[in-house]
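One structure is given here, and the rest of the page talks about it.
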Amino acid sequence: MRVGYYQFDCVFGEVTRNLDQVSRALSKVSADLLVLPELLASGYQFISKQEVLDLAEPVPDGPTTQRLMEIARARNMVLVGGLAERAGDHAYNSAVAVGPNGVIGCYRKTHLFFEETLFFTPGDTGFHVWDIGQARIGVMVCFDWFYPEAARTLALKGADILCHPANLVLPYCPDGMVTRCLENRVFSITANRIGSEERGGKKTLTFIGSSEVVTPRGQVLERALRDKEALAVVEIDPAEARKKSLNPY
């Protein structure tokens with residue numbers, strides 16, 4: 001199975017521009033599963049709840065989900081990517097999984113980080129696992145990684161691969177995901193972004209890149225640089241995630 005990530009620097013509020021960049025980057029990629037960052041089209045550093053609501057989109061009818069479905073159909077692959085989802089008067093920090101036949105599922109982030117708590121409603125979907133044929137995938141978003149229960153819940157529900165869209169600013173998540181994979185004997189794909197945002201007089205947020213693919217034995221198959229755009233695809237055998245024995249006796 002060919003899996004990977006696309007790490008890039010999106011421009012705040014430039015939804016069409018950011019989606020065009022993703023579309024161009026993936027136009028010739030060959031993969032079965034590819035993970036994109038958190039809030040990939042909107043950007044991250046909001047300054048008001050109204051700004052969030054203005055940029056949030058319905059699923060599946062909004063531009064981000066529609067464009068990801070278009071790419072998934074054209075490239076015959078599954079994509080997982082993050083977006084600001086609007087449902088009535090609520091905005092969720094969500095991630096969608098889409099494939100050649102449309103939406104597979106939508107997850108709303110459980111563990112909101114920092115100022116996200118001011119603008120987003122805590123997720124109400126719980127953690128789900130979806131069978132995409134070659135593997136079973138579970139989705140978690142950024143700060144969910146900090147809580148071992150998130151990855152453990154997905155593993156107990158049968159996930160072979162943790163798909164992890166992120167906008168990471170804390171330095172220790174990449175190594176933390178190695179631990180999550182070892183704890184649960186699963187693969188993980190973290191797709192982070194690069195660049196920085198400084199809006200509304202707030203402290204600059206610098207995103208740490210370091211997107212990665214990690215095996216059930218904690219091996220980092222691929223890790224991006226902290227400050228460079230990166231598209232990586234590697235070969236894995238999802239069956240390795242179903243071998244939970246730690247020693248032969």
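Each chain in the structure tokens gets a letter, A, B, ..., in the order shown, and its residues are numbered from 1; ligands are numbered from 1 in order too.
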Exercise for review: List every residue of range 97-134 of chain A that DSSP, applied to the backbone, labels as strand (DSSP E or B), and write the result as a list of chain:residue names.
Suggested key: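 Across range 97-134 of chain A, those assigned strand (DSSP E or B) are A:Ala97, A:Val98, A:Gly99, A:Gly102, A:Val103, A:Ile104, A:Gly105, A:Cys106, A:Tyr107, A:Arg108, A:Val129, A:Trp130, A:Asp131.
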List as a PDB file with all heavy atoms, in the first residue's frame the protein and nucleic acid residues near range 80-84 of chain A, meaning an atom at most 9 Å away when only C-alpha atoms are counted, but skip any in the same chain fewer than 2 places from it.
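around30.pdb was written with the following content:
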```pdb
ATOM      1  N   LEU A  33      -3.372   6.284  -0.197  1.00  0.00           N
ATOM      2  CA  LEU A  33      -3.844   7.096   0.919  1.00  0.00           C
ATOM      3  C   LEU A  33      -2.871   8.243   1.138  1.00  0.00           C
ATOM      4  O   LEU A  33      -1.665   8.011   1.261  1.00  0.00           O
ATOM      5  CB  LEU A  33      -3.920   6.240   2.188  1.00  0.00           C
ATOM      6  CG  LEU A  33      -4.171   6.969   3.511  1.00  0.00           C
ATOM      7  CD1 LEU A  33      -5.561   7.609   3.542  1.00  0.00           C
ATOM      8  CD2 LEU A  33      -4.013   5.996   4.683  1.00  0.00           C
ATOM      9  N   LEU A  34      -3.407   9.459   1.195  1.00  0.00           N
ATOM     10  CA  LEU A  34      -2.553  10.613   1.417  1.00  0.00           C
ATOM     11  C   LEU A  34      -3.225  11.554   2.407  1.00  0.00           C
ATOM     12  O   LEU A  34      -4.425  11.809   2.320  1.00  0.00           O
ATOM     13  CB  LEU A  34      -2.262  11.339   0.105  1.00  0.00           C
ATOM     14  CG  LEU A  34      -1.047  12.263   0.186  1.00  0.00           C
ATOM     15  CD1 LEU A  34      -0.068  11.975  -0.937  1.00  0.00           C
ATOM     16  CD2 LEU A  34      -1.480  13.711   0.145  1.00  0.00           C
ATOM     17  N   VAL A  35      -2.453  12.054   3.370  1.00  0.00           N
ATOM     18  CA  VAL A  35      -2.971  12.903   4.440  1.00  0.00           C
ATOM     19  C   VAL A  35      -2.490  14.339   4.228  1.00  0.00           C
ATOM     20  O   VAL A  35      -1.328  14.571   3.873  1.00  0.00           O
ATOM     21  CB  VAL A  35      -2.551  12.378   5.824  1.00  0.00           C
ATOM     22  CG1 VAL A  35      -3.149  13.245   6.937  1.00  0.00           C
ATOM     23  CG2 VAL A  35      -2.998  10.924   5.994  1.00  0.00           C
ATOM     24  N   LEU A  36      -3.401  15.287   4.462  1.00  0.00           N
ATOM     25  CA  LEU A  36      -3.144  16.713   4.320  1.00  0.00           C
ATOM     26  C   LEU A  36      -3.266  17.390   5.679  1.00  0.00           C
ATOM     27  O   LEU A  36      -3.842  16.828   6.610  1.00  0.00           O
ATOM     28  CB  LEU A  36      -4.153  17.320   3.340  1.00  0.00           C
ATOM     29  CG  LEU A  36      -4.176  16.690   1.943  1.00  0.00           C
ATOM     30  CD1 LEU A  36      -5.430  17.135   1.183  1.00  0.00           C
ATOM     31  CD2 LEU A  36      -2.929  17.064   1.166  1.00  0.00           C
ATOM     32  N   PRO A  37      -2.778  18.624   5.812  1.00  0.00           N
ATOM     33  CA  PRO A  37      -2.781  19.270   7.126  1.00  0.00           C
ATOM     34  C   PRO A  37      -4.180  19.620   7.660  1.00  0.00           C
ATOM     35  O   PRO A  37      -5.178  19.579   6.957  1.00  0.00           O
ATOM     36  CB  PRO A  37      -1.961  20.544   6.889  1.00  0.00           C
ATOM     37  CG  PRO A  37      -1.100  20.240   5.717  1.00  0.00           C
ATOM     38  CD  PRO A  37      -1.953  19.366   4.839  1.00  0.00           C
ATOM     39  N   GLU A  38      -4.188  20.010   8.921  1.00  0.00           N
ATOM     40  CA  GLU A  38      -5.345  20.580   9.609  1.00  0.00           C
ATOM     41  C   GLU A  38      -5.663  21.949   8.992  1.00  0.00           C
ATOM     42  O   GLU A  38      -4.759  22.687   8.608  1.00  0.00           O
ATOM     43  CB  GLU A  38      -4.983  20.732  11.086  1.00  0.00           C
ATOM     44  CG  GLU A  38      -6.023  21.376  11.979  1.00  0.00           C
ATOM     45  CD  GLU A  38      -5.495  21.574  13.404  1.00  0.00           C
ATOM     46  OE1 GLU A  38      -4.245  21.562  13.588  1.00  0.00           O
ATOM     47  OE2 GLU A  38      -6.306  21.748  14.318  1.00  0.00           O
ATOM     48  N   LEU A  39      -6.956  22.288   8.900  1.00  0.00           N
ATOM     49  CA  LEU A  39      -7.386  23.612   8.424  1.00  0.00           C
ATOM     50  C   LEU A  39      -6.615  24.025   7.170  1.00  0.00           C
ATOM     51  O   LEU A  39      -6.135  25.155   7.036  1.00  0.00           O
ATOM     52  CB  LEU A  39      -7.223  24.650   9.534  1.00  0.00           C
ATOM     53  CG  LEU A  39      -8.056  24.378  10.805  1.00  0.00           C
ATOM     54  CD1 LEU A  39      -7.666  25.350  11.914  1.00  0.00           C
ATOM     55  CD2 LEU A  39      -9.548  24.474  10.525  1.00  0.00           C
ATOM     56  N   LEU A  40      -6.550  23.098   6.222  1.00  0.00           N
ATOM     57  CA  LEU A  40      -5.649  23.246   5.082  1.00  0.00           C
ATOM     58  C   LEU A  40      -6.019  24.382   4.141  1.00  0.00           C
ATOM     59  O   LEU A  40      -5.166  24.914   3.436  1.00  0.00           O
ATOM     60  CB  LEU A  40      -5.567  21.932   4.308  1.00  0.00           C
ATOM     61  CG  LEU A  40      -6.832  21.461   3.582  1.00  0.00           C
ATOM     62  CD1 LEU A  40      -6.831  21.899   2.125  1.00  0.00           C
ATOM     63  CD2 LEU A  40      -6.946  19.942   3.650  1.00  0.00           C
ATOM     64  N   ALA A  41      -7.287  24.769   4.104  1.00  0.00           N
ATOM     65  CA  ALA A  41      -7.714  25.802   3.162  1.00  0.00           C
ATOM     66  C   ALA A  41      -7.915  27.161   3.806  1.00  0.00           C
ATOM     67  O   ALA A  41      -7.748  28.190   3.160  1.00  0.00           O
ATOM     68  CB  ALA A  41      -9.010  25.381   2.457  1.00  0.00           C
ATOM     69  N   SER A  42      -8.275  27.183   5.072  1.00  0.00           N
ATOM     70  CA  SER A  42      -8.603  28.446   5.742  1.00  0.00           C
ATOM     71  C   SER A  42      -7.415  29.126   6.393  1.00  0.00           C
ATOM     72  O   SER A  42      -7.360  30.348   6.515  1.00  0.00           O
ATOM     73  CB  SER A  42      -9.666  28.206   6.821  1.00  0.00           C
ATOM     74  OG  SER A  42      -9.155  27.365   7.845  1.00  0.00           O
ATOM     75  N   GLY A  43      -6.430  28.356   6.855  1.00  0.00           N
ATOM     76  CA  GLY A  43      -5.421  28.872   7.756  1.00  0.00           C
ATOM     77  C   GLY A  43      -5.866  28.691   9.196  1.00  0.00           C
ATOM     78  O   GLY A  43      -6.968  28.200   9.461  1.00  0.00           O
ATOM     79  N   VAL A  52     -14.189  32.801  12.006  1.00  0.00           N
ATOM     80  CA  VAL A  52     -14.256  31.346  11.851  1.00  0.00           C
ATOM     81  C   VAL A  52     -15.524  30.955  11.097  1.00  0.00           C
ATOM     82  O   VAL A  52     -15.484  30.171  10.142  1.00  0.00           O
ATOM     83  CB  VAL A  52     -14.216  30.639  13.224  1.00  0.00           C
ATOM     84  CG1 VAL A  52     -14.377  29.140  13.042  1.00  0.00           C
ATOM     85  CG2 VAL A  52     -12.922  30.940  13.952  1.00  0.00           C
ATOM     86  N   LEU A  53     -16.660  31.505  11.511  1.00  0.00           N
ATOM     87  CA  LEU A  53     -17.931  31.153  10.873  1.00  0.00           C
ATOM     88  C   LEU A  53     -17.951  31.569   9.404  1.00  0.00           C
ATOM     89  O   LEU A  53     -18.508  30.874   8.548  1.00  0.00           O
ATOM     90  CB  LEU A  53     -19.087  31.797  11.621  1.00  0.00           C
ATOM     91  CG  LEU A  53     -19.376  31.220  13.012  1.00  0.00           C
ATOM     92  CD1 LEU A  53     -20.398  32.072  13.750  1.00  0.00           C
ATOM     93  CD2 LEU A  53     -19.861  29.775  12.922  1.00  0.00           C
ATOM     94  N   LEU A  55     -15.407  31.602   7.394  1.00  0.00           N
ATOM     95  CA  LEU A  55     -14.547  30.717   6.614  1.00  0.00           C
ATOM     96  C   LEU A  55     -14.943  29.249   6.716  1.00  0.00           C
ATOM     97  O   LEU A  55     -14.471  28.424   5.927  1.00  0.00           O
ATOM     98  CB  LEU A  55     -13.090  30.889   7.058  1.00  0.00           C
ATOM     99  CG  LEU A  55     -12.387  32.158   6.559  1.00  0.00           C
ATOM    100  CD1 LEU A  55     -11.075  32.383   7.302  1.00  0.00           C
ATOM    101  CD2 LEU A  55     -12.139  32.081   5.052  1.00  0.00           C
ATOM    102  N   ALA A  56     -15.769  28.908   7.694  1.00  0.00           N
ATOM    103  CA  ALA A  56     -16.179  27.513   7.860  1.00  0.00           C
ATOM    104  C   ALA A  56     -17.127  27.095   6.740  1.00  0.00           C
ATOM    105  O   ALA A  56     -17.835  27.916   6.168  1.00  0.00           O
ATOM    106  CB  ALA A  56     -16.833  27.329   9.225  1.00  0.00           C
ATOM    107  N   GLU A  57     -17.140  25.786   6.456  1.00  0.00           N
ATOM    108  CA  GLU A  57     -17.889  25.249   5.316  1.00  0.00           C
ATOM    109  C   GLU A  57     -18.735  24.053   5.737  1.00  0.00           C
ATOM    110  O   GLU A  57     -18.340  23.299   6.637  1.00  0.00           O
ATOM    111  CB  GLU A  57     -16.925  24.754   4.238  1.00  0.00           C
ATOM    112  CG  GLU A  57     -15.772  25.657   3.913  1.00  0.00           C
ATOM    113  CD  GLU A  57     -14.740  24.945   3.044  1.00  0.00           C
ATOM    114  OE1 GLU A  57     -15.046  23.840   2.523  1.00  0.00           O
ATOM    115  OE2 GLU A  57     -13.635  25.479   2.909  1.00  0.00           O
ATOM    116  N   PRO A  58     -19.843  23.847   5.058  1.00  0.00           N
ATOM    117  CA  PRO A  58     -20.587  22.613   5.310  1.00  0.00           C
ATOM    118  C   PRO A  58     -19.874  21.411   4.704  1.00  0.00           C
ATOM    119  O   PRO A  58     -19.108  21.548   3.750  1.00  0.00           O
ATOM    120  CB  PRO A  58     -21.928  22.853   4.601  1.00  0.00           C
ATOM    121  CG  PRO A  58     -21.600  23.814   3.501  1.00  0.00           C
ATOM    122  CD  PRO A  58     -20.498  24.696   4.039  1.00  0.00           C
ATOM    123  N   THR A  64     -13.911  22.866   0.147  1.00  0.00           N
ATOM    124  CA  THR A  64     -12.777  21.995   0.482  1.00  0.00           C
ATOM    125  C   THR A  64     -13.127  20.534   0.256  1.00  0.00           C
ATOM    126  O   THR A  64     -12.393  19.794  -0.416  1.00  0.00           O
ATOM    127  CB  THR A  64     -12.328  22.229   1.934  1.00  0.00           C
ATOM    128  OG1 THR A  64     -11.896  23.590   2.077  1.00  0.00           O
ATOM    129  CG2 THR A  64     -11.179  21.309   2.301  1.00  0.00           C
ATOM    130  N   THR A  65     -14.248  20.092   0.806  1.00  0.00           N
ATOM    131  CA  THR A  65     -14.636  18.692   0.619  1.00  0.00           C
ATOM    132  C   THR A  65     -14.870  18.381  -0.852  1.00  0.00           C
ATOM    133  O   THR A  65     -14.456  17.317  -1.351  1.00  0.00           O
ATOM    134  CB  THR A  65     -15.897  18.364   1.440  1.00  0.00           C
ATOM    135  OG1 THR A  65     -15.696  18.768   2.795  1.00  0.00           O
ATOM    136  CG2 THR A  65     -16.192  16.876   1.415  1.00  0.00           C
ATOM    137  N   LEU A  68     -11.471  18.094  -2.603  1.00  0.00           N
ATOM    138  CA  LEU A  68     -10.769  16.864  -2.227  1.00  0.00           C
ATOM    139  C   LEU A  68     -11.411  15.652  -2.892  1.00  0.00           C
ATOM    140  O   LEU A  68     -10.711  14.726  -3.330  1.00  0.00           O
ATOM    141  CB  LEU A  68     -10.745  16.701  -0.710  1.00  0.00           C
ATOM    142  CG  LEU A  68      -9.949  17.747   0.073  1.00  0.00           C
ATOM    143  CD1 LEU A  68      -9.927  17.390   1.565  1.00  0.00           C
ATOM    144  CD2 LEU A  68      -8.531  17.899  -0.454  1.00  0.00           C
ATOM    145  N   VAL A  78      -7.518   7.716  -1.565  1.00  0.00           N
ATOM    146  CA  VAL A  78      -8.209   8.254  -0.397  1.00  0.00           C
ATOM    147  C   VAL A  78      -7.396   9.435   0.133  1.00  0.00           C
ATOM    148  O   VAL A  78      -6.170   9.349   0.254  1.00  0.00           O
ATOM    149  CB  VAL A  78      -8.368   7.182   0.704  1.00  0.00           C
ATOM    150  CG1 VAL A  78      -8.914   7.798   1.991  1.00  0.00           C
ATOM    151  CG2 VAL A  78      -9.290   6.072   0.214  1.00  0.00           C
ATOM    152  N   ARG A  86     -18.771  24.076   9.228  1.00  0.00           N
ATOM    153  CA  ARG A  86     -19.899  24.814   9.790  1.00  0.00           C
ATOM    154  C   ARG A  86     -21.142  23.944   9.786  1.00  0.00           C
ATOM    155  O   ARG A  86     -21.486  23.328   8.779  1.00  0.00           O
ATOM    156  CB  ARG A  86     -20.170  26.099   9.014  1.00  0.00           C
ATOM    157  CG  ARG A  86     -21.298  26.924   9.635  1.00  0.00           C
ATOM    158  CD  ARG A  86     -21.307  28.354   9.162  1.00  0.00           C
ATOM    159  NE  ARG A  86     -22.341  29.127   9.850  1.00  0.00           N
ATOM    160  CZ  ARG A  86     -22.449  30.450   9.806  1.00  0.00           C
ATOM    161  NH1 ARG A  86     -21.583  31.157   9.102  1.00  0.00           N
ATOM    162  NH2 ARG A  86     -23.408  31.073  10.465  1.00  0.00           N
ATOM    163  N   ALA A  91     -19.119  25.971  14.688  1.00  0.00           N
ATOM    164  CA  ALA A  91     -17.961  25.694  13.849  1.00  0.00           C
ATOM    165  C   ALA A  91     -17.130  24.616  14.536  1.00  0.00           C
ATOM    166  O   ALA A  91     -16.893  24.684  15.749  1.00  0.00           O
ATOM    167  CB  ALA A  91     -17.126  26.947  13.637  1.00  0.00           C
ATOM    168  N   TYR A  92     -16.712  23.622  13.779  1.00  0.00           N
ATOM    169  CA  TYR A  92     -15.902  22.524  14.298  1.00  0.00           C
ATOM    170  C   TYR A  92     -14.568  22.491  13.555  1.00  0.00           C
ATOM    171  O   TYR A  92     -14.493  22.783  12.355  1.00  0.00           O
ATOM    172  CB  TYR A  92     -16.602  21.181  14.095  1.00  0.00           C
ATOM    173  CG  TYR A  92     -17.905  21.047  14.840  1.00  0.00           C
ATOM    174  CD1 TYR A  92     -19.121  21.355  14.220  1.00  0.00           C
ATOM    175  CD2 TYR A  92     -17.935  20.610  16.157  1.00  0.00           C
ATOM    176  CE1 TYR A  92     -20.325  21.232  14.903  1.00  0.00           C
ATOM    177  CE2 TYR A  92     -19.131  20.486  16.850  1.00  0.00           C
ATOM    178  CZ  TYR A  92     -20.323  20.803  16.216  1.00  0.00           C
ATOM    179  OH  TYR A  92     -21.508  20.688  16.901  1.00  0.00           O
ATOM    180  N   ASN A  93     -13.529  22.127  14.276  1.00  0.00           N
ATOM    181  CA  ASN A  93     -12.239  21.859  13.663  1.00  0.00           C
ATOM    182  C   ASN A  93     -12.281  20.387  13.234  1.00  0.00           C
ATOM    183  O   ASN A  93     -12.090  19.492  14.055  1.00  0.00           O
ATOM    184  CB  ASN A  93     -11.116  22.122  14.666  1.00  0.00           C
ATOM    185  CG  ASN A  93      -9.745  22.021  14.038  1.00  0.00           C
ATOM    186  OD1 ASN A  93      -9.570  21.445  12.975  1.00  0.00           O
ATOM    187  ND2 ASN A  93      -8.747  22.565  14.722  1.00  0.00           N
ATOM    188  N   SER A  94     -12.528  20.157  11.972  1.00  0.00           N
ATOM    189  CA  SER A  94     -12.869  18.820  11.501  1.00  0.00           C
ATOM    190  C   SER A  94     -11.849  18.286  10.503  1.00  0.00           C
ATOM    191  O   SER A  94     -10.973  19.016  10.031  1.00  0.00           O
ATOM    192  CB  SER A  94     -14.255  18.832  10.843  1.00  0.00           C
ATOM    193  OG  SER A  94     -15.258  19.170  11.772  1.00  0.00           O
ATOM    194  N   ALA A  95     -11.980  17.015  10.201  1.00  0.00           N
ATOM    195  CA  ALA A  95     -11.215  16.388   9.136  1.00  0.00           C
ATOM    196  C   ALA A  95     -12.139  15.448   8.382  1.00  0.00           C
ATOM    197  O   ALA A  95     -12.941  14.730   8.995  1.00  0.00           O
ATOM    198  CB  ALA A  95     -10.019  15.621   9.685  1.00  0.00           C
ATOM    199  N   VAL A  96     -12.035  15.474   7.070  1.00  0.00           N
ATOM    200  CA  VAL A  96     -12.825  14.581   6.236  1.00  0.00           C
ATOM    201  C   VAL A  96     -11.924  13.534   5.604  1.00  0.00           C
ATOM    202  O   VAL A  96     -10.757  13.801   5.289  1.00  0.00           O
ATOM    203  CB  VAL A  96     -13.596  15.335   5.136  1.00  0.00           C
ATOM    204  CG1 VAL A  96     -14.696  16.186   5.734  1.00  0.00           C
ATOM    205  CG2 VAL A  96     -12.663  16.175   4.273  1.00  0.00           C
ATOM    206  N   ALA A  97     -12.479  12.352   5.433  1.00  0.00           N
ATOM    207  CA  ALA A  97     -11.845  11.303   4.639  1.00  0.00           C
ATOM    208  C   ALA A  97     -12.715  11.109   3.406  1.00  0.00           C
ATOM    209  O   ALA A  97     -13.932  10.905   3.529  1.00  0.00           O
ATOM    210  CB  ALA A  97     -11.745  10.001   5.438  1.00  0.00           C
ATOM    211  N   VAL A  98     -12.103  11.222   2.236  1.00  0.00           N
ATOM    212  CA  VAL A  98     -12.842  11.078   0.984  1.00  0.00           C
ATOM    213  C   VAL A  98     -12.103  10.112   0.078  1.00  0.00           C
ATOM    214  O   VAL A  98     -10.878   9.949   0.162  1.00  0.00           O
ATOM    215  CB  VAL A  98     -13.027  12.432   0.269  1.00  0.00           C
ATOM    216  CG1 VAL A  98     -13.747  13.437   1.163  1.00  0.00           C
ATOM    217  CG2 VAL A  98     -11.697  13.009  -0.194  1.00  0.00           C
ATOM    218  N   GLY A  99     -12.877   9.457  -0.790  1.00  0.00           N
ATOM    219  CA  GLY A  99     -12.295   8.534  -1.739  1.00  0.00           C
ATOM    220  C   GLY A  99     -12.890   8.742  -3.112  1.00  0.00           C
ATOM    221  O   GLY A  99     -13.675   9.682  -3.330  1.00  0.00           O
ATOM    222  N   PHE A 120     -14.059  27.372  18.349  1.00  0.00           N
ATOM    223  CA  PHE A 120     -14.652  26.130  17.857  1.00  0.00           C
ATOM    224  C   PHE A 120     -15.453  25.439  18.948  1.00  0.00           C
ATOM    225  O   PHE A 120     -15.129  25.551  20.144  1.00  0.00           O
ATOM    226  CB  PHE A 120     -13.562  25.168  17.362  1.00  0.00           C
ATOM    227  CG  PHE A 120     -12.874  25.603  16.107  1.00  0.00           C
ATOM    228  CD1 PHE A 120     -11.616  26.200  16.148  1.00  0.00           C
ATOM    229  CD2 PHE A 120     -13.469  25.420  14.878  1.00  0.00           C
ATOM    230  CE1 PHE A 120     -10.970  26.600  15.000  1.00  0.00           C
ATOM    231  CE2 PHE A 120     -12.840  25.812  13.705  1.00  0.00           C
ATOM    232  CZ  PHE A 120     -11.592  26.410  13.774  1.00  0.00           C
ATOM    233  N   VAL A 139      -9.057   8.581  12.254  1.00  0.00           N
ATOM    234  CA  VAL A 139      -8.646   9.975  12.098  1.00  0.00           C
ATOM    235  C   VAL A 139      -8.581  10.661  13.458  1.00  0.00           C
ATOM    236  O   VAL A 139      -9.493  10.541  14.277  1.00  0.00           O
ATOM    237  CB  VAL A 139      -9.612  10.730  11.162  1.00  0.00           C
ATOM    238  CG1 VAL A 139      -9.218  12.205  11.051  1.00  0.00           C
ATOM    239  CG2 VAL A 139      -9.625  10.081   9.776  1.00  0.00           C
ATOM    240  N   VAL A 141      -6.998  14.683  15.008  1.00  0.00           N
ATOM    241  CA  VAL A 141      -6.552  15.987  14.517  1.00  0.00           C
ATOM    242  C   VAL A 141      -5.610  16.632  15.532  1.00  0.00           C
ATOM    243  O   VAL A 141      -5.953  16.798  16.707  1.00  0.00           O
ATOM    244  CB  VAL A 141      -7.746  16.920  14.241  1.00  0.00           C
ATOM    245  CG1 VAL A 141      -7.257  18.329  13.883  1.00  0.00           C
ATOM    246  CG2 VAL A 141      -8.614  16.368  13.115  1.00  0.00           C
ATOM    247  N   CYS A 163      -4.534   8.495  10.785  1.00  0.00           N
ATOM    248  CA  CYS A 163      -4.375   9.627   9.876  1.00  0.00           C
ATOM    249  C   CYS A 163      -4.491  10.906  10.701  1.00  0.00           C
ATOM    250  O   CYS A 163      -5.510  11.123  11.360  1.00  0.00           O
ATOM    251  CB  CYS A 163      -5.432   9.588   8.789  1.00  0.00           C
ATOM    252  SG  CYS A 163      -5.361   8.109   7.758  1.00  0.00           S
ATOM    253  N   HIS A 164      -3.473  11.748  10.644  1.00  0.00           N
ATOM    254  CA  HIS A 164      -3.302  12.802  11.643  1.00  0.00           C
ATOM    255  C   HIS A 164      -3.030  14.159  10.978  1.00  0.00           C
ATOM    256  O   HIS A 164      -1.883  14.621  10.942  1.00  0.00           O
ATOM    257  CB  HIS A 164      -2.150  12.389  12.566  1.00  0.00           C
ATOM    258  CG  HIS A 164      -1.912  13.302  13.710  1.00  0.00           C
ATOM    259  ND1 HIS A 164      -0.646  13.525  14.238  1.00  0.00           N
ATOM    260  CD2 HIS A 164      -2.746  14.074  14.448  1.00  0.00           C
ATOM    261  CE1 HIS A 164      -0.729  14.367  15.252  1.00  0.00           C
ATOM    262  NE2 HIS A 164      -1.983  14.724  15.394  1.00  0.00           N
ATOM    263  N   PRO A 165      -4.062  14.841  10.465  1.00  0.00           N
ATOM    264  CA  PRO A 165      -3.863  16.216   9.996  1.00  0.00           C
ATOM    265  C   PRO A 165      -3.499  17.114  11.171  1.00  0.00           C
ATOM    266  O   PRO A 165      -4.089  16.997  12.248  1.00  0.00           O
ATOM    267  CB  PRO A 165      -5.238  16.592   9.423  1.00  0.00           C
ATOM    268  CG  PRO A 165      -5.940  15.295   9.180  1.00  0.00           C
ATOM    269  CD  PRO A 165      -5.442  14.371  10.245  1.00  0.00           C
ATOM    270  N   ALA A 166      -2.558  18.038  10.962  1.00  0.00           N
ATOM    271  CA  ALA A 166      -2.074  18.832  12.085  1.00  0.00           C
ATOM    272  C   ALA A 166      -1.597  20.207  11.631  1.00  0.00           C
ATOM    273  O   ALA A 166      -1.243  20.426  10.467  1.00  0.00           O
ATOM    274  CB  ALA A 166      -0.940  18.104  12.802  1.00  0.00           C
ATOM    275  N   ALA A 191       0.402  14.811   8.897  1.00  0.00           N
ATOM    276  CA  ALA A 191       0.615  15.836   7.873  1.00  0.00           C
ATOM    277  C   ALA A 191       0.514  17.197   8.548  1.00  0.00           C
ATOM    278  O   ALA A 191      -0.564  17.611   8.964  1.00  0.00           O
ATOM    279  CB  ALA A 191      -0.411  15.714   6.761  1.00  0.00           C
TER     280      ALA A 191
END
```
Exercise for review: Please measure the separation of CA of Cys10 in chain A and CA of Met177 in chain A, giving the value in Å to one decimal.
Suggested key: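 According to the coordinates, CA of Cys10 in chain A and CA of Met177 in chain A are separated by 23.5 Å.
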Using only C-alpha atoms, what table do you get, as a Markdown table, when you list each residue of range 58-159 of chain A with an atom no more than 12 Å from range 201-214 of chain A, its nearest pair of atoms, and their distance in Å rounded to one decimal, rows by chain then rising number?
```
| residue | atom | partner | partner_atom | distance |
| --- | --- | --- | --- | --- |
| A:Phe114 | CA | A:Leu205 | CA | 11.6 |
| A:Glu115 | CA | A:Lys202 | CA | 10.9 |
| A:Cys142 | CA | A:Ser211 | CA | 11.5 |
```
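Across A:Leu170, A:Ala150, A:Ala31, A:Val22, the tightest approach to Glu235 in chain A is made by A:Ala31 when counting only C-alpha atoms.
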